[in-house]
Amino acid sequence: MNIQEFLGNVEGFKEAIEEREILKRVFGDLTLPKDFVESFVSLLHPKSIDVKAVDIIEETPSTKTIRLSPKDGYLPPFRAGQYVSLKVKIGKVLTGRSFTISSPPHTRGYYDVTVRRMEEGFVSHYLMDDVKVGDEFQISAPSGSFYHEPLTDGKDLVFIGGGSGITPFRSIIREVIDRGLDFNIWLIYGSRTTDDVIFGDEFKAISEKHKNINYQLVVSEPPAGYKGVTGFITADVIKDFLGSVKGKTFYMCGPNLMYSFVMPELEKLKVPGRRIKKEAYGPPADITKEPGWPSDVSPDKVFKIKVNGEKTIDAKAGEPILSSLERAGLVSPYLCRSGECSYCRTKVHVGKAFMPDRVPIRESDRWYDYIHSCMAYPLSDMEISY
Ligand code: FES
């Protein structure tokens, strides 16, 4: 029996063919063009998007929001909490940084990225001081997994933010109130001073108007006579604000120091680990303070790294290898710059690098000497390839 005879015996096959012929006569050829799926996927997840700054909003003395609109009229959809990687050219260095989109997903004409000046930073000074309306950039498509997951997260959410780590919560809260979603949200924001509070007036106004949104500011260095909550985000502060932690999902976004402090406080409150989500927040301000850093290596020590069997570059021990590559004019793939996405996966052929334990590198990559160069620091002369 050949294949045609066999198919002719399959129940319903003849009817399906007849139906297909009728559909063809009525609607024309329904066969998808060969590259249909690929072009559809690239609409939703373009490799890069050309955008320009259409507005710059001063948020605090140390923070600005840059509003980015597409050059050709289209931005892909995203989930509140996701980030984009913004590429910049500063002098001869082509580099980039990841910024969570602080605007909500239903504002489809632009993405807001909110930038805070980091004293030791390189890109933040440029974005704060030199960028003006009309400047053009390339950004990645939205990425990341720090968003509400309806199947596991429930509808009672506690957001704990520090510094510019407030941005994903702004996007989520704006979506919740603008779309009338039935979530209960408790937002705790830790700020060093009252001048540095990002979106403070906006959250205060929202919480006064919407019963399901609660806002607590915690200031660690308050001015004299300040009457609000002061100090750090301790178990007591959390408990006083929330009442019970039961059934609530905790989201944290802020500097690594904040995680080190707040995680034990959540343990004291017996919040289960599966109920805590943490957003990656870039490399530490000072790698030498990370557990496991070898005390005999100075962060200023300069090593030689041979890249892809060709160029040899200088790399400081205290700087991620990805940054040293960029300083030397080399282009290496990256996205999150926080050790999470694996885009910067790099093979080490010779030498040694330090990576904090929390970098989620695959076990097999550890065996076969791969690193995430955005969170790896040289400890010797090296040879690498990517
Ligand atoms: S850029 Fe994401 S892991 Fe390095």
# chains A, B, ... in the order shown; residues from 1 in each chain; ligands from 1

$ residues_around --residues "Arg358 in chain A" --least-positions-apart "2" --cutoff "10 Å" --atoms "only C-alpha atoms" --output "JSON, numbers by chain"
{"A": [280, 339, 340, 355, 356, 360, 361]}

$ closest_atom_pairs --of "chain A" --to "ligand 1" --cutoff "9 Å" --atoms "only C-alpha atoms and all ligand atoms" --output "JSON lines"
{"residue": "A:Leu322", "atom": "CA", "partner": "ligand 1", "partner_atom_place_in_ligand_line": "4 (Fe)", "distance": 8.1}
{"residue": "A:Pro333", "atom": "CA", "partner": "ligand 1", "partner_atom_place_in_ligand_line": "1 (S)", "distance": 7.1}
{"residue": "A:Tyr334", "atom": "CA", "partner": "ligand 1", "partner_atom_place_in_ligand_line": "1 (S)", "distance": 3.8}
{"residue": "A:Leu335", "atom": "CA", "partner": "ligand 1", "partner_atom_place_in_ligand_line": "1 (S)", "distance": 4.3}
{"residue": "A:Cys336", "atom": "CA", "partner": "ligand 1", "partner_atom_place_in_ligand_line": "2 (Fe)", "distance": 4.0}
{"residue": "A:Arg337", "atom": "CA", "partner": "ligand 1", "partner_atom_place_in_ligand_line": "1 (S)", "distance": 3.9}
{"residue": "A:Ser338", "atom": "CA", "partner": "ligand 1", "partner_atom_place_in_ligand_line": "2 (Fe)", "distance": 5.5}
{"residue": "A:Gly339", "atom": "CA", "partner": "ligand 1", "partner_atom_place_in_ligand_line": "3 (S)", "distance": 3.4}
{"residue": "A:Glu340", "atom": "CA", "partner": "ligand 1", "partner_atom_place_in_ligand_line": "3 (S)", "distance": 4.3}
{"residue": "A:Cys341", "atom": "CA", "partner": "ligand 1", "partner_atom_place_in_ligand_line": "2 (Fe)", "distance": 3.8}
{"residue": "A:Ser342", "atom": "CA", "partner": "ligand 1", "partner_atom_place_in_ligand_line": "3 (S)", "distance": 3.9}
{"residue": "A:Tyr343", "atom": "CA", "partner": "ligand 1", "partner_atom_place_in_ligand_line": "1 (S)", "distance": 5.0}
{"residue": "A:Cys344", "atom": "CA", "partner": "ligand 1", "partner_atom_place_in_ligand_line": "4 (Fe)", "distance": 4.3}
{"residue": "A:Arg345", "atom": "CA", "partner": "ligand 1", "partner_atom_place_in_ligand_line": "4 (Fe)", "distance": 6.7}
{"residue": "A:Val359", "atom": "CA", "partner": "ligand 1", "partner_atom_place_in_ligand_line": "3 (S)", "distance": 8.2}
{"residue": "A:Pro360", "atom": "CA", "partner": "ligand 1", "partner_atom_place_in_ligand_line": "3 (S)", "distance": 8.5}
{"residue": "A:Ile361", "atom": "CA", "partner": "ligand 1", "partner_atom_place_in_ligand_line": "3 (S)", "distance": 8.4}
{"residue": "A:Ile371", "atom": "CA", "partner": "ligand 1", "partner_atom_place_in_ligand_line": "4 (Fe)", "distance": 8.7}
{"residue": "A:His372", "atom": "CA", "partner": "ligand 1", "partner_atom_place_in_ligand_line": "4 (Fe)", "distance": 5.0}
{"residue": "A:Ser373", "atom": "CA", "partner": "ligand 1", "partner_atom_place_in_ligand_line": "4 (Fe)", "distance": 5.9}
{"residue": "A:Cys374", "atom": "CA", "partner": "ligand 1", "partner_atom_place_in_ligand_line": "4 (Fe)", "distance": 4.4}
{"residue": "A:Met375", "atom": "CA", "partner": "ligand 1", "partner_atom_place_in_ligand_line": "4 (Fe)", "distance": 6.6}
{"residue": "A:Ala376", "atom": "CA", "partner": "ligand 1", "partner_atom_place_in_ligand_line": "4 (Fe)", "distance": 8.9}

$ residues_around --residues "Phe146 in chain A" --least-positions-apart "5" --cutoff "8 Å" --atoms "only C-alpha atoms" --output "NGL selection string"
:A and (81-82 or 277-279)

$ residues_around --residues "Lys270 in chain A" --least-positions-apart "6" --cutoff "12 Å" --atoms "only C-alpha atoms" --output "JSON, numbers by chain"
{"A": [235, 239, 244, 245, 246, 247, 248, 263, 264, 276]}

$ atom_distance --atom1 "CA of Asp314 in chain A" --atom2 "CA of Asp296 in chain A"
19.5 Å

$ closest_residue --among "A:Thr193, A:Ser380, A:Thr249, A:Ser85" --to "Val297 in chain A" --atoms "only C-alpha atoms"
A:Ser380

$ select_by_dssp --residues "range 49-260 of chain A" --states "strand (DSSP E or B)" --output "PyMOL selection string"
chain A and resi 49-60+63-70+83-90+93-101+111-116+136-139+143+156-162+184-191+213-219+229-230+249-253

$ select_by_dssp --residues "range 228-267 of chain A" --states "alpha helix (DSSP H)" --output "count of residues only"
20

$ residues_around --residues "range 349-354 of chain A" --least-positions-apart "3" --cutoff "9 Å" --atoms "only C-alpha atoms" --output "list in words"
Gly292, Trp293, Pro294, Ile305, Ala317, Ile321, Asp369, Tyr370, Ile371, Met375, Ala376, Tyr377, Pro378, Leu379, Ser380, Asp381, Met382, Glu383, Ile384 and Ser385 of chain A

$ atom_distance --atom1 "CA of Thr234 in chain A" --atom2 "CA of Ile213 in chain A"
20.6 Å

$ residues_around --residues "Lys47 in chain A" --least-positions-apart "3" --cutoff "8 Å" --atoms "only C-alpha atoms" --output "list in words"
Ser42, Ser140 and Ala141 of chain A

$ write_last_selection --atoms "N, CA, C and O atoms" --output "compact mmCIF listing (two decimals), in the first residue's frame"
# COMPACT_ATOMS: atom_id res chain seq x y z
N SER A 42 10.65 38.13 14.82
CA SER A 42 11.55 39.29 14.88
C SER A 42 10.78 40.59 15.09
O SER A 42 11.35 41.58 15.55
N SER A 140 18.10 46.91 23.14
CA SER A 140 17.70 45.53 22.88
C SER A 140 16.18 45.44 22.99
O SER A 140 15.53 46.36 23.49
N ALA A 141 15.62 44.32 22.58
CA ALA A 141 14.21 44.05 22.87
C ALA A 141 14.07 43.83 24.38
O ALA A 141 15.04 43.46 25.04

$ atom_distance --atom1 "CA of Glu59 in chain A" --atom2 "CA of Asp196 in chain A"
8.8 Å

$ residues_around --residues "Trp186 in chain A" --least-positions-apart "5" --cutoff "9 Å" --atoms "only C-alpha atoms" --output "ChimeraX atom specification"
/A:156-160,212-216,241-242

$ closest_residue --among "A:Ser48, A:Ser323, A:Ser69, A:Ser298" --to "Asp135 in chain A" --atoms "only C-alpha atoms"
A:Ser69
